[in-house]
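Below is the file input.cif, which contains mmCIF, C-alpha atoms.
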```cif
data_data
#
loop_
_atom_site.label_atom_id
_atom_site.label_comp_id
_atom_site.auth_asym_id
_atom_site.auth_seq_id
_atom_site.Cartn_x
_atom_site.Cartn_y
_atom_site.Cartn_z
CA MET A 1 104.09 102.80 124.97
CA ILE A 2 105.77 104.45 122.00
CA ASP A 3 105.52 108.27 122.22
CA GLY A 4 106.88 111.56 120.88
CA VAL A 5 108.68 111.60 117.51
CA GLY A 6 108.90 107.80 117.56
CA LEU A 7 105.12 107.62 117.63
CA TRP A 8 104.71 109.91 114.62
CA VAL A 9 107.31 107.91 112.68
CA THR A 10 105.38 104.75 113.60
CA LEU A 11 102.07 106.28 112.47
CA ALA A 12 103.59 107.46 109.17
CA LEU A 13 104.94 103.96 108.50
CA ILE A 14 101.56 102.35 109.31
CA ALA A 15 100.03 104.85 106.85
CA ALA A 16 102.57 103.77 104.21
CA ALA A 17 101.81 100.12 104.98
CA THR A 18 98.17 100.96 104.18
CA VAL A 19 98.41 103.17 101.11
CA VAL A 20 100.96 100.93 99.32
CA PRO A 21 98.74 97.81 99.30
CA ARG A 22 95.70 99.92 98.37
CA GLY A 23 97.52 101.68 95.58
CA SER A 24 99.58 98.74 94.31
CA PHE A 25 97.75 97.66 91.18
CA ILE A 26 95.77 100.87 90.70
CA LEU A 27 99.08 102.77 90.42
CA LEU A 28 100.93 100.14 88.39
CA GLY A 29 98.09 99.87 85.89
CA SER A 30 98.16 97.18 83.23
CA ARG A 31 101.90 96.57 83.69
CA ALA A 32 101.36 94.08 86.52
CA ARG A 33 99.14 91.10 87.28
CA LEU A 34 99.10 89.10 90.51
CA PRO A 35 99.48 85.31 90.04
CA ALA A 36 96.17 83.55 90.71
CA VAL A 37 97.67 81.21 93.35
CA VAL A 38 99.06 84.16 95.33
CA GLN A 39 95.71 85.96 95.12
CA ARG A 40 93.91 82.93 96.48
CA ALA A 41 96.36 82.40 99.35
CA LEU A 42 96.24 86.09 100.30
CA ARG A 43 92.47 85.90 100.76
CA TYR A 44 93.16 84.13 104.07
CA ALA A 45 95.54 86.80 105.40
CA PRO A 46 92.95 89.10 107.03
CA ALA A 47 91.10 86.29 108.86
CA ALA A 48 94.35 84.72 110.09
CA ALA A 49 95.72 88.09 111.16
CA LEU A 50 92.57 89.16 113.01
CA ALA A 51 92.39 85.84 114.86
CA ALA A 52 96.10 86.00 115.76
CA LEU A 53 95.46 89.37 117.40
CA ILE A 54 92.21 88.38 119.14
CA ALA A 55 93.02 84.91 120.52
CA PRO A 56 95.90 85.89 122.84
CA ASP A 57 93.78 88.66 124.37
CA LEU A 58 90.94 86.21 125.10
CA LEU A 59 92.96 83.17 126.20
CA VAL A 60 96.18 84.41 127.80
CA ASP A 61 96.29 86.05 131.21
CA ALA A 62 99.67 87.08 132.69
CA GLY A 63 101.52 84.80 130.26
CA GLN A 64 99.46 81.68 131.02
CA VAL A 65 96.60 80.12 129.03
CA ASP A 66 93.48 80.59 131.17
CA PRO A 67 90.42 78.85 129.70
CA VAL A 68 88.05 80.33 132.32
CA ASN A 69 88.29 84.11 132.38
CA PRO A 70 85.95 87.11 131.98
CA LYS A 71 87.42 88.18 128.62
CA LEU A 72 86.84 84.77 127.02
CA ALA A 73 83.25 84.70 128.30
CA ALA A 74 82.71 88.20 126.93
CA GLY A 75 84.32 87.14 123.64
CA LEU A 76 81.92 84.21 123.23
CA VAL A 77 78.99 86.56 123.85
CA VAL A 78 80.39 88.93 121.20
CA ILE A 79 80.59 86.07 118.65
CA ALA A 80 77.01 85.00 119.43
CA ALA A 81 75.76 88.59 119.13
CA ALA A 82 77.61 89.14 115.83
CA LEU A 83 76.22 85.88 114.40
CA ARG A 84 72.63 86.39 115.53
CA SER A 85 72.00 90.10 115.17
CA ARG A 86 72.33 92.68 112.41
CA ASN A 87 72.46 95.46 115.00
CA PRO A 88 76.04 96.84 114.74
CA TRP A 89 76.00 98.07 118.35
CA LEU A 90 74.87 94.86 120.06
CA PRO A 91 78.26 93.01 120.14
CA PHE A 92 79.85 96.01 121.83
CA ILE A 93 77.07 96.48 124.39
CA ALA A 94 76.76 92.76 125.18
CA GLY A 95 80.53 92.11 125.26
CA MET A 96 81.37 95.09 127.46
CA GLY A 97 78.35 94.33 129.67
CA VAL A 98 79.46 90.75 130.33
CA LEU A 99 83.07 91.77 130.92
CA LEU A 100 82.14 94.53 133.37
CA VAL A 101 79.63 92.39 135.29
CA LEU A 102 82.11 89.50 135.62
CA ARG A 103 85.04 91.77 136.58
CA LYS A 104 83.16 93.96 139.04
CA GLY A 105 80.94 91.17 140.35
CA LEU A 106 83.85 88.79 141.05
CA GLY A 107 86.13 91.52 142.33
CA GLY A 108 88.76 90.63 139.70
CA MET B 1 82.09 118.67 86.76
CA ASN B 2 79.94 117.25 83.98
CA GLU B 3 76.62 115.44 83.86
CA SER B 4 77.93 111.88 83.82
CA PHE B 5 80.18 112.60 86.83
CA LYS B 6 77.08 113.77 88.75
CA ARG B 7 75.03 110.76 87.68
CA GLY B 8 77.83 108.41 88.79
CA ALA B 9 78.14 110.24 92.10
CA ALA B 10 74.38 110.10 92.78
CA GLU B 11 74.25 106.38 92.02
CA GLY B 12 77.27 105.68 94.25
CA VAL B 13 75.99 107.75 97.17
CA ARG B 14 72.57 106.05 96.99
CA LEU B 15 74.28 102.66 97.42
CA MET B 16 76.79 103.85 100.03
CA LEU B 17 74.48 105.68 102.46
CA PRO B 18 73.04 102.61 104.24
CA LEU B 19 76.48 100.96 104.42
CA SER B 20 78.09 104.05 105.87
CA VAL B 21 75.73 104.04 108.86
CA GLY B 22 77.33 100.73 109.87
CA LEU B 23 80.66 102.52 109.92
CA ILE B 24 79.71 104.81 112.82
CA PRO B 25 80.19 102.30 115.69
CA TRP B 26 83.61 101.34 114.24
CA ALA B 27 84.70 104.93 114.04
CA LEU B 28 83.52 105.65 117.60
CA VAL B 29 85.20 102.53 118.97
CA THR B 30 88.43 103.26 117.11
CA GLY B 31 88.39 106.78 118.55
CA VAL B 32 87.89 105.48 122.10
CA ALA B 33 90.49 102.71 121.62
CA MET B 34 93.15 105.16 120.42
CA ARG B 35 92.66 107.32 123.52
CA SER B 36 92.49 104.30 125.86
CA ILE B 37 96.09 103.23 125.06
CA GLY B 38 97.27 106.75 125.91
CA LEU B 39 97.37 108.67 122.62
CA SER B 40 96.58 112.39 122.97
CA THR B 41 93.66 113.92 121.05
CA VAL B 42 96.06 115.29 118.40
CA GLU B 43 97.98 112.00 118.11
CA ALA B 44 94.76 110.00 117.84
CA MET B 45 93.29 112.22 115.12
CA GLY B 46 96.70 112.31 113.41
CA MET B 47 96.63 108.52 113.27
CA ASN B 48 93.06 108.59 112.02
CA LEU B 49 93.87 111.02 109.19
CA LEU B 50 97.20 109.46 108.18
CA VAL B 51 96.24 105.80 108.32
CA PHE B 52 92.47 105.91 107.58
CA ALA B 53 92.09 102.14 108.05
CA GLY B 54 90.10 100.80 111.00
CA THR B 55 91.55 97.29 110.98
CA ALA B 56 95.16 98.45 110.75
CA GLN B 57 94.56 101.08 113.44
CA LEU B 58 92.85 98.71 115.90
CA GLY B 59 95.33 95.92 115.13
CA THR B 60 98.46 98.00 115.74
CA LEU B 61 97.20 99.80 118.88
CA PRO B 62 98.06 96.95 121.31
CA LEU B 63 101.52 96.73 119.74
CA ILE B 64 102.07 100.50 120.07
CA ALA B 65 100.83 100.31 123.68
CA SER B 66 103.23 97.50 124.61
CA GLY B 67 106.19 99.17 122.87
CA ALA B 68 106.65 96.39 120.30
CA PRO B 69 109.52 96.81 117.79
CA LEU B 70 108.75 99.07 114.83
CA TRP B 71 109.24 96.37 112.19
CA LEU B 72 106.66 94.16 113.89
CA ILE B 73 104.11 96.99 113.98
CA VAL B 74 104.65 97.76 110.28
CA LEU B 75 104.58 94.07 109.34
CA THR B 76 101.30 93.58 111.26
CA ALA B 77 99.76 96.57 109.46
CA LEU B 78 100.95 95.19 106.11
CA VAL B 79 99.45 91.76 106.79
CA LEU B 80 96.14 93.28 107.92
CA ASN B 81 96.14 95.34 104.70
CA LEU B 82 97.06 92.52 102.33
CA ARG B 83 93.44 92.21 101.23
CA PHE B 84 93.78 95.63 99.62
CA VAL B 85 96.33 94.21 97.16
CA ILE B 86 93.56 91.95 95.90
CA PHE B 87 91.01 94.80 95.89
CA SER B 88 93.50 97.01 94.04
CA ALA B 89 94.13 94.33 91.42
CA ALA B 90 90.38 93.85 90.93
CA LEU B 91 89.67 97.58 90.45
CA ALA B 92 92.84 98.51 88.53
CA PRO B 93 91.28 98.10 85.04
CA TYR B 94 88.70 100.81 85.88
CA PHE B 95 91.39 103.31 86.86
CA GLU B 96 93.63 102.90 83.81
CA ARG B 97 92.24 105.95 82.02
CA GLN B 98 92.38 108.21 85.11
CA SER B 99 95.18 110.70 85.80
CA TRP B 100 98.08 109.89 88.14
CA ALA B 101 96.77 112.35 90.78
CA ARG B 102 93.36 110.66 90.80
CA ARG B 103 94.95 107.23 91.12
CA VAL B 104 97.07 108.40 94.09
CA ALA B 105 93.96 109.87 95.76
CA SER B 106 92.13 106.58 95.13
CA SER B 107 94.95 104.69 96.85
CA TYR B 108 94.31 106.66 100.03
CA LEU B 109 90.51 106.46 99.84
CA LEU B 110 90.02 102.78 98.91
CA VAL B 111 88.37 101.20 101.98
CA ASP B 112 86.46 97.90 102.21
CA MET B 113 82.96 99.36 101.77
CA VAL B 114 83.99 101.45 98.78
CA PHE B 115 85.52 98.35 97.21
CA VAL B 116 82.32 96.37 97.81
CA ILE B 117 80.13 98.81 95.87
CA CYS B 118 82.75 99.49 93.16
CA VAL B 119 83.52 95.89 92.30
CA GLU B 120 79.78 95.30 91.79
CA HIS B 121 78.84 98.44 89.90
CA LEU B 122 81.82 100.17 88.20
CA LYS B 123 81.35 97.95 85.15
CA LYS B 124 77.91 99.52 84.54
CA SER B 125 79.44 102.32 82.46
CA ASP B 126 82.48 102.78 80.20
CA ASP B 127 82.52 106.52 80.81
CA PRO B 128 85.62 107.51 82.89
CA GLN B 129 83.75 110.55 84.26
CA TRP B 130 80.82 108.42 85.47
CA ARG B 131 83.25 105.94 87.05
CA TRP B 132 85.23 108.67 88.79
CA GLY B 133 82.03 110.19 90.22
CA PHE B 134 80.80 106.78 91.31
CA PHE B 135 84.08 106.12 93.13
CA VAL B 136 85.22 109.40 94.58
CA VAL B 137 82.04 110.98 95.97
CA PRO B 138 80.94 107.95 98.07
CA ALA B 139 84.61 107.46 99.06
CA LEU B 140 84.85 111.06 100.33
CA TRP B 141 81.54 110.63 102.16
CA THR B 142 82.86 107.47 103.83
CA TRP B 143 86.04 109.35 104.77
CA LEU B 144 83.98 112.13 106.37
CA VAL B 145 81.78 109.71 108.36
CA TRP B 146 84.91 107.93 109.59
CA GLN B 147 86.71 111.11 110.69
CA ILE B 148 83.67 112.62 112.46
CA GLY B 149 82.81 109.32 114.19
CA ALA B 150 86.39 108.83 115.37
CA LEU B 151 86.58 112.43 116.62
CA ALA B 152 83.41 111.85 118.65
CA GLY B 153 85.03 108.72 120.15
CA VAL B 154 88.31 110.52 120.86
CA LEU B 155 86.54 113.41 122.62
CA GLY B 156 84.06 111.11 124.38
CA ALA B 157 86.74 108.77 125.74
CA ASP B 158 87.59 111.12 128.63
CA VAL B 159 84.02 111.11 129.92
CA ILE B 160 84.10 107.34 130.41
CA PRO B 161 85.69 106.05 133.68
CA GLN B 162 89.17 104.44 133.45
CA ASP B 163 88.28 101.11 135.13
CA TRP B 164 85.71 100.13 132.50
CA SER B 165 88.27 98.07 130.52
CA LEU B 166 87.47 100.08 127.38
CA GLU B 167 90.57 98.76 125.59
CA PHE B 168 88.55 95.55 125.19
CA MET B 169 86.38 97.46 122.70
CA ALA B 170 89.21 97.14 120.16
CA THR B 171 89.22 93.35 120.55
CA ILE B 172 85.42 93.31 120.17
CA ALA B 173 85.71 95.38 116.98
CA LEU B 174 88.29 92.94 115.56
CA MET B 175 85.96 90.02 116.42
CA VAL B 176 82.98 91.67 114.73
CA MET B 177 85.07 92.02 111.57
CA LEU B 178 86.23 88.41 111.77
CA VAL B 179 82.83 86.74 112.35
CA PRO B 180 81.32 87.35 108.87
CA MET B 181 84.60 86.27 107.21
CA ALA B 182 84.68 83.01 109.19
CA ARG B 183 81.26 81.89 107.91
CA GLN B 184 83.20 80.28 105.06
CA ARG B 185 84.76 76.91 106.05
CA ALA B 186 88.33 77.51 104.81
CA MET B 187 88.29 81.04 106.25
CA LEU B 188 87.26 79.59 109.64
CA VAL B 189 90.15 77.12 109.48
CA ALA B 190 92.57 79.99 108.71
CA ALA B 191 91.21 81.94 111.70
CA LEU B 192 91.27 79.00 114.16
CA VAL B 193 94.82 77.99 113.21
CA GLY B 194 96.00 81.60 113.16
CA GLY B 195 94.51 82.31 116.59
CA LEU B 196 95.65 79.10 118.29
CA GLY B 197 99.06 79.40 116.62
CA ALA B 198 99.52 82.88 118.06
CA VAL B 199 98.50 81.63 121.54
CA LEU B 200 100.73 78.53 121.51
CA LEU B 201 103.73 80.38 120.03
CA ARG B 202 103.38 83.42 122.32
CA GLY B 203 106.72 82.56 123.97
CA MET B 204 108.65 83.44 120.81
CA PRO B 205 110.86 86.54 121.14
CA LEU B 206 109.75 89.97 119.79
CA ARG B 207 106.11 88.83 119.64
CA LEU B 208 107.03 86.81 116.55
CA GLY B 209 104.35 84.33 117.60
CA VAL B 210 101.75 86.65 116.04
CA VAL B 211 103.51 86.59 112.66
CA ALA B 212 104.08 82.83 112.86
CA GLY B 213 100.42 82.32 113.78
CA ILE B 214 99.29 84.39 110.78
CA ALA B 215 101.56 82.44 108.41
CA LEU B 216 100.23 79.12 109.77
CA GLY B 217 96.66 80.41 109.43
CA ILE B 218 97.13 81.41 105.77
CA ALA B 219 98.70 78.02 104.98
CA ALA B 220 95.90 76.16 106.81
CA GLY B 221 93.16 78.14 105.02
CA PHE B 222 94.76 77.50 101.64
CA ALA B 223 95.16 73.78 102.46
CA ALA B 224 91.54 73.54 103.65
CA GLU B 225 90.34 75.13 100.39
CA HIS B 226 92.29 72.57 98.33
CA TRP B 227 91.07 69.71 100.48
CA THR B 228 87.39 70.70 100.09
CA HIS B 229 87.86 71.13 96.33
CA THR B 230 89.48 67.71 95.95
CA ARG B 231 86.78 66.08 98.05
CA SER B 232 83.90 67.67 96.20
CA ARG B 233 85.33 66.42 92.90
CA THR B 234 85.51 62.74 93.99
#
```
Target encoding structure tokens, full file:
Amino acid sequence: MIDGVGLWVTLALIAAATVVPRGSFILLGSRARLPAVVQRALRYAPAAALAALIAPDLLVDAGQVDPVNPKLAAGLVVIAAALRSRNPWLPFIAGMGVLLVLRKGLGG
Amino acid sequence: MNESFKRGAAEGVRLMLPLSVGLIPWALVTGVAMRSIGLSTVEAMGMNLLVFAGTAQLGTLPLIASGAPLWLIVLTALVLNLRFVIFSAALAPYFERQSWARRVASSYLLVDMVFVICVEHLKKSDDPQWRWGFFVVPALWTWLVWQIGALAGVLGADVIPQDWSLEFMATIALMVMLVPMARQRAMLVAALVGGLGAVLLRGMPLRLGVVAGIALGIAAGFAAEHWTHTRSRT
């Protein structure tokens, strides 16, 4: 865990890493245009980045790939809920419900 | 504040209100997630005010919690925010006649939902006052909903017992953002390769496996798009 001054420096840099992309072309105005190929490739960045953050949490337990674990089961329920329902709360309720039942029920 | 500013603002708010309700669970979850990794109330709200970006906040929390190197945290935030470069390029023509101060404020306030309504509707009028009203009033409303929702999550986090694995809420939130993106074939390929890449390369030092996974995912998505295009032409 990063804390103290280091944490605030970290937060300020994350803020900069947010406002710079948001401001980029709005601040530069008509002086700059992004090449079309780069624009198209960058469209895949958010999906790839989200998946790269999610997958290890669902599949890896204590450094090992574990294809049968409560988090993965809960994750699959979350995907199903997000695909089937427009209710923004349901994935959270269903996912946490499955995780808690499996963890508490199996004593893990 | 003139008439066309007010008309732009009213039109923008009318379109934004239903969308902004969907923001409340995110804000709550982000608030809870920030507390669950050990941030204090002040630190959590500081992050929420400074960063004002749910994806970047939720995505960097596990890295902050595990004490990952600073450059990796910043790089992860940058990658998660890359979509804003595209949004910014798309909206830039509408901001050309606005003052520097307004453009700086816009850079802080430009979130996904605001982009979605602006890219559809800003072209409705040539009047810079109408456009500014249409952008800034719904954007400030969205900002307010986000801050209040996150504060409720931050304050509510203490009431919830520790052994409820609440940190998993952040992963759920990331999944709920990913699911609608991955409905598109090439986007799904980018996500699958990015995710599996990060898992298989997890042994790389300094958590570089995440960055490598993302790079592989982008390349795979781009390749899949080309492949589908070529196939549909033949």
Answer key for the PyMOL selection byres ((chain A and resi 3-7) around 10), residues as a ChimeraX atom specification: /A:1-2,8-13 /B:38-40,43,47,64-65,67,70
Distance filter 7 Å, all atoms listed in the file, chain A against chain B, as an MDAnalysis selection string: chainID A and resid 1:2 10:15 17:19 21:27 29 39 41:56 78:79 82:83 88:89 92 100
Just-selected residues, C-alpha atoms written as a PDB file, keeping the file's coordinate frame:
```
ATOM      1  CA  MET A   1     104.090 102.800 124.970  1.00  0.00           C
ATOM      2  CA  ILE A   2     105.770 104.450 122.000  1.00  0.00           C
ATOM      3  CA  THR A  10     105.380 104.750 113.600  1.00  0.00           C
ATOM      4  CA  LEU A  11     102.070 106.280 112.470  1.00  0.00           C
ATOM      5  CA  ALA A  12     103.590 107.460 109.170  1.00  0.00           C
ATOM      6  CA  LEU A  13     104.940 103.960 108.500  1.00  0.00           C
ATOM      7  CA  ILE A  14     101.560 102.350 109.310  1.00  0.00           C
ATOM      8  CA  ALA A  15     100.030 104.850 106.850  1.00  0.00           C
ATOM      9  CA  ALA A  17     101.810 100.120 104.980  1.00  0.00           C
ATOM     10  CA  THR A  18      98.170 100.960 104.180  1.00  0.00           C
ATOM     11  CA  VAL A  19      98.410 103.170 101.110  1.00  0.00           C
ATOM     12  CA  PRO A  21      98.740  97.810  99.300  1.00  0.00           C
ATOM     13  CA  ARG A  22      95.700  99.920  98.370  1.00  0.00           C
ATOM     14  CA  GLY A  23      97.520 101.680  95.580  1.00  0.00           C
ATOM     15  CA  SER A  24      99.580  98.740  94.310  1.00  0.00           C
ATOM     16  CA  PHE A  25      97.750  97.660  91.180  1.00  0.00           C
ATOM     17  CA  ILE A  26      95.770 100.870  90.700  1.00  0.00           C
ATOM     18  CA  LEU A  27      99.080 102.770  90.420  1.00  0.00           C
ATOM     19  CA  GLY A  29      98.090  99.870  85.890  1.00  0.00           C
ATOM     20  CA  GLN A  39      95.710  85.960  95.120  1.00  0.00           C
ATOM     21  CA  ALA A  41      96.360  82.400  99.350  1.00  0.00           C
ATOM     22  CA  LEU A  42      96.240  86.090 100.300  1.00  0.00           C
ATOM     23  CA  ARG A  43      92.470  85.900 100.760  1.00  0.00           C
ATOM     24  CA  TYR A  44      93.160  84.130 104.070  1.00  0.00           C
ATOM     25  CA  ALA A  45      95.540  86.800 105.400  1.00  0.00           C
ATOM     26  CA  PRO A  46      92.950  89.100 107.030  1.00  0.00           C
ATOM     27  CA  ALA A  47      91.100  86.290 108.860  1.00  0.00           C
ATOM     28  CA  ALA A  48      94.350  84.720 110.090  1.00  0.00           C
ATOM     29  CA  ALA A  49      95.720  88.090 111.160  1.00  0.00           C
ATOM     30  CA  LEU A  50      92.570  89.160 113.010  1.00  0.00           C
ATOM     31  CA  ALA A  51      92.390  85.840 114.860  1.00  0.00           C
ATOM     32  CA  ALA A  52      96.100  86.000 115.760  1.00  0.00           C
ATOM     33  CA  LEU A  53      95.460  89.370 117.400  1.00  0.00           C
ATOM     34  CA  ILE A  54      92.210  88.380 119.140  1.00  0.00           C
ATOM     35  CA  ALA A  55      93.020  84.910 120.520  1.00  0.00           C
ATOM     36  CA  PRO A  56      95.900  85.890 122.840  1.00  0.00           C
ATOM     37  CA  VAL A  78      80.390  88.930 121.200  1.00  0.00           C
ATOM     38  CA  ILE A  79      80.590  86.070 118.650  1.00  0.00           C
ATOM     39  CA  ALA A  82      77.610  89.140 115.830  1.00  0.00           C
ATOM     40  CA  LEU A  83      76.220  85.880 114.400  1.00  0.00           C
ATOM     41  CA  PRO A  88      76.040  96.840 114.740  1.00  0.00           C
ATOM     42  CA  TRP A  89      76.000  98.070 118.350  1.00  0.00           C
ATOM     43  CA  PHE A  92      79.850  96.010 121.830  1.00  0.00           C
ATOM     44  CA  LEU A 100      82.140  94.530 133.370  1.00  0.00           C
TER      45      LEU A 100
END
```
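Using all atoms listed in the file, the shortest contact distance between B:Asp158 and any of B:Gly31, B:Pro205, B:Pro18, B:Gly8 is found at B:Gly31.
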List the spatial neighbours of A:Val98 as a list of chain:residue names - criterion: any atom at most 9 Å away, all atoms listed in the file, same-chain residues fewer than 2 positions off excluded. A:Pro70, A:Lys71, A:Ala73, A:Ala74, A:Val77, A:Ile93, A:Ala94, A:Gly95, A:Met96, A:Leu100, A:Val101, A:Leu102, A:Arg103
With C-alpha atoms kept, could you save the residues just selected as a compact mmCIF listing (two decimals), keeping the file's coordinate frame?
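Saved result, again.txt, follows:
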```
# COMPACT_ATOMS: atom_id res chain seq x y z
CA PRO A 70 85.95 87.11 131.98
CA LYS A 71 87.42 88.18 128.62
CA ALA A 73 83.25 84.70 128.30
CA ALA A 74 82.71 88.20 126.93
CA VAL A 77 78.99 86.56 123.85
CA ILE A 93 77.07 96.48 124.39
CA ALA A 94 76.76 92.76 125.18
CA GLY A 95 80.53 92.11 125.26
CA MET A 96 81.37 95.09 127.46
CA LEU A 100 82.14 94.53 133.37
CA VAL A 101 79.63 92.39 135.29
CA LEU A 102 82.11 89.50 135.62
CA ARG A 103 85.04 91.77 136.58
```
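Atom pair atom CA of B:Ile160 / atom CA of A:Val68 has a distance of 27.4 Å (rounded to one decimal).
When you apply the PyMOL selection byres ((chain B and resi 9) around 6) to this structure, what comes back is Lys6, Arg7, Gly8, Ala10, Glu11, Gly12, Gly133, Phe134 and Val137 of chain B.
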Writer output for current selection, C-alpha atoms, as a PDB file, in the coordinates of the input:
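Now in again-v8.pdb:
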```pdb
ATOM      1  CA  LYS B   6      77.080 113.770  88.750  1.00  0.00           C
ATOM      2  CA  ARG B   7      75.030 110.760  87.680  1.00  0.00           C
ATOM      3  CA  GLY B   8      77.830 108.410  88.790  1.00  0.00           C
ATOM      4  CA  ALA B  10      74.380 110.100  92.780  1.00  0.00           C
ATOM      5  CA  GLU B  11      74.250 106.380  92.020  1.00  0.00           C
ATOM      6  CA  GLY B  12      77.270 105.680  94.250  1.00  0.00           C
ATOM      7  CA  GLY B 133      82.030 110.190  90.220  1.00  0.00           C
ATOM      8  CA  PHE B 134      80.800 106.780  91.310  1.00  0.00           C
ATOM      9  CA  VAL B 137      82.040 110.980  95.970  1.00  0.00           C
TER      10      VAL B 137
END
```
Which neighbours of B:Leu19 fall inside 12 Å, counting only C-alpha atoms, when residues of the same chain fewer than 4 positions from it are skipped, and could you give them as number ranges by chain? A: 88; B: 12-15, 23-25, 112-117, 138-139, 141-142, 145
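If you look at atom CA of B:Trp146 and atom CA of B:Ala27, they are 5.4 Å away from each other.
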Reconstructed N, CA and C atoms for stretch 9-28 of chain A, given as a PDB file, in the coordinates of the input:
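Wrote it out as result_28.pdb, contents follow:
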```
ATOM      1  N   VAL A   9     106.634 108.730 113.697  1.00  0.00           N
ATOM      2  CA  VAL A   9     107.310 107.910 112.680  1.00  0.00           C
ATOM      3  C   VAL A   9     106.537 106.596 112.504  1.00  0.00           C
ATOM      4  N   THR A  10     106.145 105.999 113.642  1.00  0.00           N
ATOM      5  CA  THR A  10     105.380 104.750 113.600  1.00  0.00           C
ATOM      6  C   THR A  10     104.075 104.941 112.820  1.00  0.00           C
ATOM      7  N   LEU A  11     103.359 106.028 113.135  1.00  0.00           N
ATOM      8  CA  LEU A  11     102.070 106.280 112.470  1.00  0.00           C
ATOM      9  C   LEU A  11     102.265 106.484 110.968  1.00  0.00           C
ATOM     10  N   ALA A  12     103.330 107.218 110.594  1.00  0.00           N
ATOM     11  CA  ALA A  12     103.590 107.460 109.170  1.00  0.00           C
ATOM     12  C   ALA A  12     103.882 106.136 108.453  1.00  0.00           C
ATOM     13  N   LEU A  13     104.622 105.241 109.136  1.00  0.00           N
ATOM     14  CA  LEU A  13     104.940 103.960 108.500  1.00  0.00           C
ATOM     15  C   LEU A  13     103.703 103.067 108.399  1.00  0.00           C
ATOM     16  N   ILE A  14     102.814 103.121 109.409  1.00  0.00           N
ATOM     17  CA  ILE A  14     101.560 102.350 109.310  1.00  0.00           C
ATOM     18  C   ILE A  14     100.729 102.900 108.136  1.00  0.00           C
ATOM     19  N   ALA A  15     100.753 104.239 107.980  1.00  0.00           N
ATOM     20  CA  ALA A  15     100.030 104.850 106.850  1.00  0.00           C
ATOM     21  C   ALA A  15     100.605 104.350 105.530  1.00  0.00           C
ATOM     22  N   ALA A  16     101.937 104.269 105.438  1.00  0.00           N
ATOM     23  CA  ALA A  16     102.570 103.770 104.210  1.00  0.00           C
ATOM     24  C   ALA A  16     102.192 102.310 103.984  1.00  0.00           C
ATOM     25  N   ALA A  17     102.150 101.541 105.084  1.00  0.00           N
ATOM     26  CA  ALA A  17     101.810 100.120 104.980  1.00  0.00           C
ATOM     27  C   ALA A  17     100.335  99.929 104.605  1.00  0.00           C
ATOM     28  N   THR A  18      99.574 101.014 104.600  1.00  0.00           N
ATOM     29  CA  THR A  18      98.170 100.960 104.180  1.00  0.00           C
ATOM     30  C   THR A  18      98.011 101.427 102.737  1.00  0.00           C
ATOM     31  N   VAL A  19      98.638 102.569 102.425  1.00  0.00           N
ATOM     32  CA  VAL A  19      98.410 103.170 101.110  1.00  0.00           C
ATOM     33  C   VAL A  19      99.126 102.373 100.011  1.00  0.00           C
ATOM     34  N   VAL A  20     100.234 101.717 100.339  1.00  0.00           N
ATOM     35  CA  VAL A  20     100.960 100.930  99.320  1.00  0.00           C
ATOM     36  C   VAL A  20     100.133  99.719  98.853  1.00  0.00           C
ATOM     37  N   PRO A  21      99.606  98.894  99.779  1.00  0.00           N
ATOM     38  CA  PRO A  21      98.740  97.810  99.300  1.00  0.00           C
ATOM     39  C   PRO A  21      97.509  98.312  98.547  1.00  0.00           C
ATOM     40  N   ARG A  22      96.891  99.400  99.041  1.00  0.00           N
ATOM     41  CA  ARG A  22      95.700  99.920  98.370  1.00  0.00           C
ATOM     42  C   ARG A  22      96.024 100.420  96.979  1.00  0.00           C
ATOM     43  N   GLY A  23      97.184 101.079  96.853  1.00  0.00           N
ATOM     44  CA  GLY A  23      97.520 101.680  95.580  1.00  0.00           C
ATOM     45  C   GLY A  23      98.156 100.712  94.588  1.00  0.00           C
ATOM     46  N   SER A  24      98.720  99.626  95.122  1.00  0.00           N
ATOM     47  CA  SER A  24      99.580  98.740  94.310  1.00  0.00           C
ATOM     48  C   SER A  24      99.168  98.623  92.848  1.00  0.00           C
ATOM     49  N   PHE A  25      98.092  97.942  92.575  1.00  0.00           N
ATOM     50  CA  PHE A  25      97.750  97.660  91.180  1.00  0.00           C
ATOM     51  C   PHE A  25      97.065  98.840  90.490  1.00  0.00           C
ATOM     52  N   ILE A  26      96.383  99.673  91.286  1.00  0.00           N
ATOM     53  CA  ILE A  26      95.770 100.870  90.700  1.00  0.00           C
ATOM     54  C   ILE A  26      96.865 101.783  90.151  1.00  0.00           C
ATOM     55  N   LEU A  27      97.992 101.899  90.875  1.00  0.00           N
ATOM     56  CA  LEU A  27      99.080 102.770  90.420  1.00  0.00           C
ATOM     57  C   LEU A  27      99.901 102.119  89.315  1.00  0.00           C
ATOM     58  N   LEU A  28     100.114 100.824  89.403  1.00  0.00           N
ATOM     59  CA  LEU A  28     100.930 100.140  88.390  1.00  0.00           C
ATOM     60  C   LEU A  28     100.188 100.010  87.053  1.00  0.00           C
TER      61      LEU A  28
END
```
